[in-house]
Structure formats: structure tokens, C-alpha cells
Amino acid sequence: MNFSRLLFRCATTTGLAIVVMSPTYAQSFTAKFLSTIVSGSNLVYNYELDVGSHSVLNNNSDPSKLSQFTFFDFAGLTGTPTFLASGPTGVSFAITTPNTGAVAFNPSIQQTDDPNLPNVSLAYNAATPYDNTSNSDVNVGTLSIASIDTALSATNVLGYSSITTSENGTRGGNSAFERGPNPTALITPEPGTEALLVGLGFTGLVSLRRYRRTRK
């Protein structure tokens with residue numbers, strides 16, 4: 001008699017319940033600064049977009065599961081930001097430039113959302129969800145954003161926040177900083193320090209580097 005049949009027989013005769021545990025997955029949708037490129041009188045910032053292991057990008061067929069990403073206060077924004085997919089096929093986003101939102105900023109880590117400066121927001125809009133079934137992050141493409149402010153220091157950074165879903169259906173978000181044209185402050189990384197914070201209204205943990213804020 002095999003073990004599984006024996007276990008089932010023992011459980012039924014003793015009144016024990018057999019509970020099958022399914023794995024619990026976190027979720028993440030993050031950005032990584034790649035480079036800047038001079039384009040005429042503008043400076044183009046390029047960012048890699050990564051979807052975490054067992055995270056799912058969903059469109060708004062169910063608005064409660066929509067995957068979104070927002071860079072806050074992108075100074076000097078000019079033209080329309082573009083997304084070039086790489087790796088997984090069919091990944092695409094609707095890109096808008098509202099002055100506030102669409103994802104909530106995280107003041108706990110000194111993020112701001114100045115209503116006088118444009119944000120860059122992405123909403124997943126492919127016909128089918130993208131499910132990263134692997135055990136590592138996947139680069140889904142490059143986001144390119146042009147700014148007329150070409151003189152900002154390399155230590156200027158942008159806050160960003162995102163929200164997406166895991167394969168288990170849990171909702172969670174990420175908040176962090178990457179290099180970019182935010183003119184209001186310089187935030188200098190402190191090497192070797194990390195923090196785990198709960199995002200605003202998010203169910204997931206937010207993993208990020210701790211930054212020290214210094215004024216111009």
C-alpha cells in the first residue's frame with residue numbers, strides 16, 4: 001500500500017482533516033535606472049521595468065486587480081514617454097502624465113507628489129495578464145522619459161510606487177527611489193542600509209534603500 005493511500009485511510013478512520021498547503025508568494029513591480037541619453041536639447045532617462053517572481057500584471061478587465069506604476073514629480077517632462085517591451089511578448093502599458101496619482105505616494109520614505117509637477121503613470125493594458133511563473137525577476141522592457149532639464153545633478157532622484165498582484169491573488173505594492181529629474185531635493189543613498197516598510201494601504205512589504213535627504 002502506498003503512503004498517500006495509507007495516510008488517507010488513517011485520516012478517514014481517525015476523523016483527521018487533511019489540509020493541502022499552497023505556497024504563498026509576494027508580488028513586486030519595480031524600476032531600475034539604466035542610463036541617460038542626450039536627444040537634441042533634451043535628456044532622455046531610461047528605466048528597466050521588472051516583474052517579480054510569481055507576480056502577475058493584470059489589465060482593467062477587473063479594476064480591483066489593475067497593475068499600475070507611477071513616477072512622481074518628473075521635472076521638465078516633454079513629449080510622450082515610451083515603453084519598449086523586451087523578453088516576454090505582449091506586455092504593454094497605457095501611459096499618462098497626470099500631476100497627481102495614479103498610485104499613492106509613500107511619505108513614510110520622504111516621497112512627494114507635487115501637484116505642480118507631472119507624474120508618469122503606467123497601467124497594464126495588454127489583452128491577457130502576464131504571469132511571471134519563474135523564481136526570479138523578469139525584465140519586461142524599458143521605459144524612456146524625456147526632460148528639458150538637462151543640468152540636474154546625478155544625485156537627484158525620483159520616488160516611485162507600484163501596485164500589482166501575486167499568483168495567489170494577494171495585492172501589494174512597492175515604493176522606492178531611482179535617479180531622475182526631481183528638482184526639489186537631493187537624496188543621497190547611505191550604502192549598506194536597508195528598510196522594510198509597509199506601503200500606504202498596501203498589503204505587501206516594501207523593500208527599499210534608506211535615503212538621506214539634503215536640500216539644494
# chains A, B, ... in the order shown; residues from 1 in each chain; ligands from 1

$ closest_atom_pairs --of "region 31-84 of chain A" --to "region 110-117 of chain A" --cutoff "12 Å" --atoms "only C-alpha atoms" --output "CSV"
residue,atom,partner,partner_atom,distance
A:Thr70,CA,A:Asp113,CA,10.3
A:Phe71,CA,A:Asp113,CA,9.2
A:Phe72,CA,A:Asp113,CA,5.6
A:Asp73,CA,A:Leu117,CA,4.9
A:Phe74,CA,A:Leu117,CA,6.5
A:Ala75,CA,A:Leu117,CA,6.2
A:Gly76,CA,A:Leu117,CA,8.4
A:Leu77,CA,A:Leu117,CA,8.7
A:Thr78,CA,A:Leu117,CA,11.9

$ residues_around --residues "Asp50 (chain A)" --least-positions-apart "5" --cutoff "12 Å" --atoms "only C-alpha atoms" --output "number ranges by chain"
A: 27-33, 55-57, 69, 85-88, 91, 130, 132, 136-143, 162, 164, 174

$ closest_residue --among "A:Gly173, A:Pro118, A:Gly79, A:Gly180" --to "Gly52 (chain A)" --atoms "only C-alpha atoms"
A:Gly173

$ atom_distance --atom1 "CA of Asn168 (chain A)" --atom2 "CA of Phe93 (chain A)"
22.8 Å

$ closest_residue --among "A:Thr133, A:Asn119, A:Asn125, A:Thr82" --to "Asn99 (chain A)" --atoms "only C-alpha atoms"
A:Asn119

$ residues_around --residues "Thr36 (chain A)" --least-positions-apart "6" --cutoff "9 Å" --atoms "only C-alpha atoms" --output "VMD selection string"
chain A and resid 43 to 46

$ select_by_dssp --residues "region 19-197 of chain A" --states "strand (DSSP E)" --output "NGL selection string"
:A and (29-39 or 42-51 or 55-57 or 68-71 or 77-85 or 93-96 or 120-124 or 130-131 or 138-147 or 157-166 or 171-179 or 186-197)

$ select_by_dssp --residues "region 5-168 of chain A" --states "alpha helix (DSSP H)" --output "JSON, numbers by chain"
{"A": [5, 6, 7, 8, 9, 10, 11, 12, 13, 14]}

$ closest_residue --among "A:Ser144, A:Asn106, A:Thr100, A:Thr80" --to "Leu49 (chain A)" --atoms "only C-alpha atoms"
A:Ser144

$ closest_residue --among "A:Gly90, A:Gly159, A:Leu66, A:Ser134" --to "Leu122 (chain A)" --atoms "only C-alpha atoms"
A:Leu66

$ atom_distance --atom1 "CA of Asn58 (chain A)" --atom2 "CA of Leu84 (chain A)"
18.1 Å

$ decode --residues "region 20-93 of chain A" --atoms "C-alpha atoms" --output "compact mmCIF listing (two decimals), in the first residue's frame"
# COMPACT_ATOMS: atom_id res chain seq x y z
CA VAL A 20 -3.04 20.79 1.47
CA MET A 21 -0.95 23.92 1.88
CA SER A 22 -0.35 26.07 -1.21
CA PRO A 23 2.75 28.29 -1.45
CA THR A 24 2.42 31.97 -0.55
CA TYR A 25 4.01 34.42 -2.96
CA ALA A 26 4.90 38.07 -2.60
CA GLN A 27 4.45 40.48 -5.51
CA SER A 28 6.62 43.20 -6.99
CA PHE A 29 6.72 45.61 -9.94
CA THR A 30 9.86 47.74 -9.82
CA ALA A 31 12.07 50.09 -11.84
CA LYS A 32 15.84 50.24 -12.28
CA PHE A 33 17.69 53.26 -13.69
CA LEU A 34 19.69 52.31 -16.80
CA SER A 35 21.07 55.43 -18.48
CA THR A 36 20.53 58.94 -19.78
CA ILE A 37 20.85 59.85 -23.45
CA VAL A 38 21.11 63.34 -24.91
CA SER A 39 18.43 63.85 -27.56
CA GLY A 40 18.65 67.30 -29.13
CA SER A 41 18.11 69.78 -26.30
CA ASN A 42 16.55 67.12 -24.05
CA LEU A 43 17.83 64.41 -21.73
CA VAL A 44 16.15 61.01 -22.01
CA TYR A 45 16.02 58.87 -18.86
CA ASN A 46 15.80 55.11 -19.43
CA TYR A 47 14.46 52.66 -16.83
CA GLU A 48 14.23 48.89 -16.80
CA LEU A 49 10.87 47.60 -15.55
CA ASP A 50 10.98 44.31 -13.64
CA VAL A 51 8.17 41.99 -12.59
CA GLY A 52 8.91 39.91 -9.53
CA SER A 53 8.83 36.15 -9.20
CA HIS A 54 5.26 34.78 -9.25
CA SER A 55 3.85 38.29 -9.75
CA VAL A 56 1.05 38.97 -12.23
CA LEU A 57 0.38 42.03 -14.38
CA ASN A 58 -3.38 42.44 -14.83
CA ASN A 59 -5.39 44.75 -17.07
CA ASN A 60 -8.53 46.61 -16.01
CA SER A 61 -10.98 43.88 -17.01
CA ASP A 62 -11.18 43.64 -13.21
CA PRO A 63 -10.31 47.16 -11.95
CA SER A 64 -9.58 45.82 -8.46
CA LYS A 65 -6.62 43.88 -9.90
CA LEU A 66 -5.23 46.50 -12.29
CA SER A 67 -1.40 46.69 -12.23
CA GLN A 68 -0.09 50.26 -12.09
CA PHE A 69 3.19 52.13 -11.69
CA THR A 70 3.85 55.85 -11.07
CA PHE A 71 6.99 58.02 -11.10
CA PHE A 72 6.33 61.18 -9.07
CA ASP A 73 7.33 64.79 -9.93
CA PHE A 74 9.24 64.30 -13.18
CA ALA A 75 10.53 67.82 -13.77
CA GLY A 76 10.81 69.18 -17.30
CA LEU A 77 8.73 66.41 -18.84
CA THR A 78 8.48 66.83 -22.59
CA GLY A 79 6.84 64.68 -25.22
CA THR A 80 5.19 61.33 -24.55
CA PRO A 81 7.04 58.67 -22.54
CA THR A 82 7.51 55.38 -24.38
CA PHE A 83 7.72 51.74 -23.36
CA LEU A 84 9.71 49.21 -25.41
CA ALA A 85 8.89 45.62 -24.50
CA SER A 86 11.67 43.05 -24.21
CA GLY A 87 11.67 39.40 -23.22
CA PRO A 88 8.01 38.47 -22.65
CA THR A 89 5.82 39.14 -25.67
CA GLY A 90 2.57 41.04 -25.47
CA VAL A 91 3.42 43.21 -22.45
CA SER A 92 2.11 46.76 -22.92
CA PHE A 93 1.03 49.78 -20.88
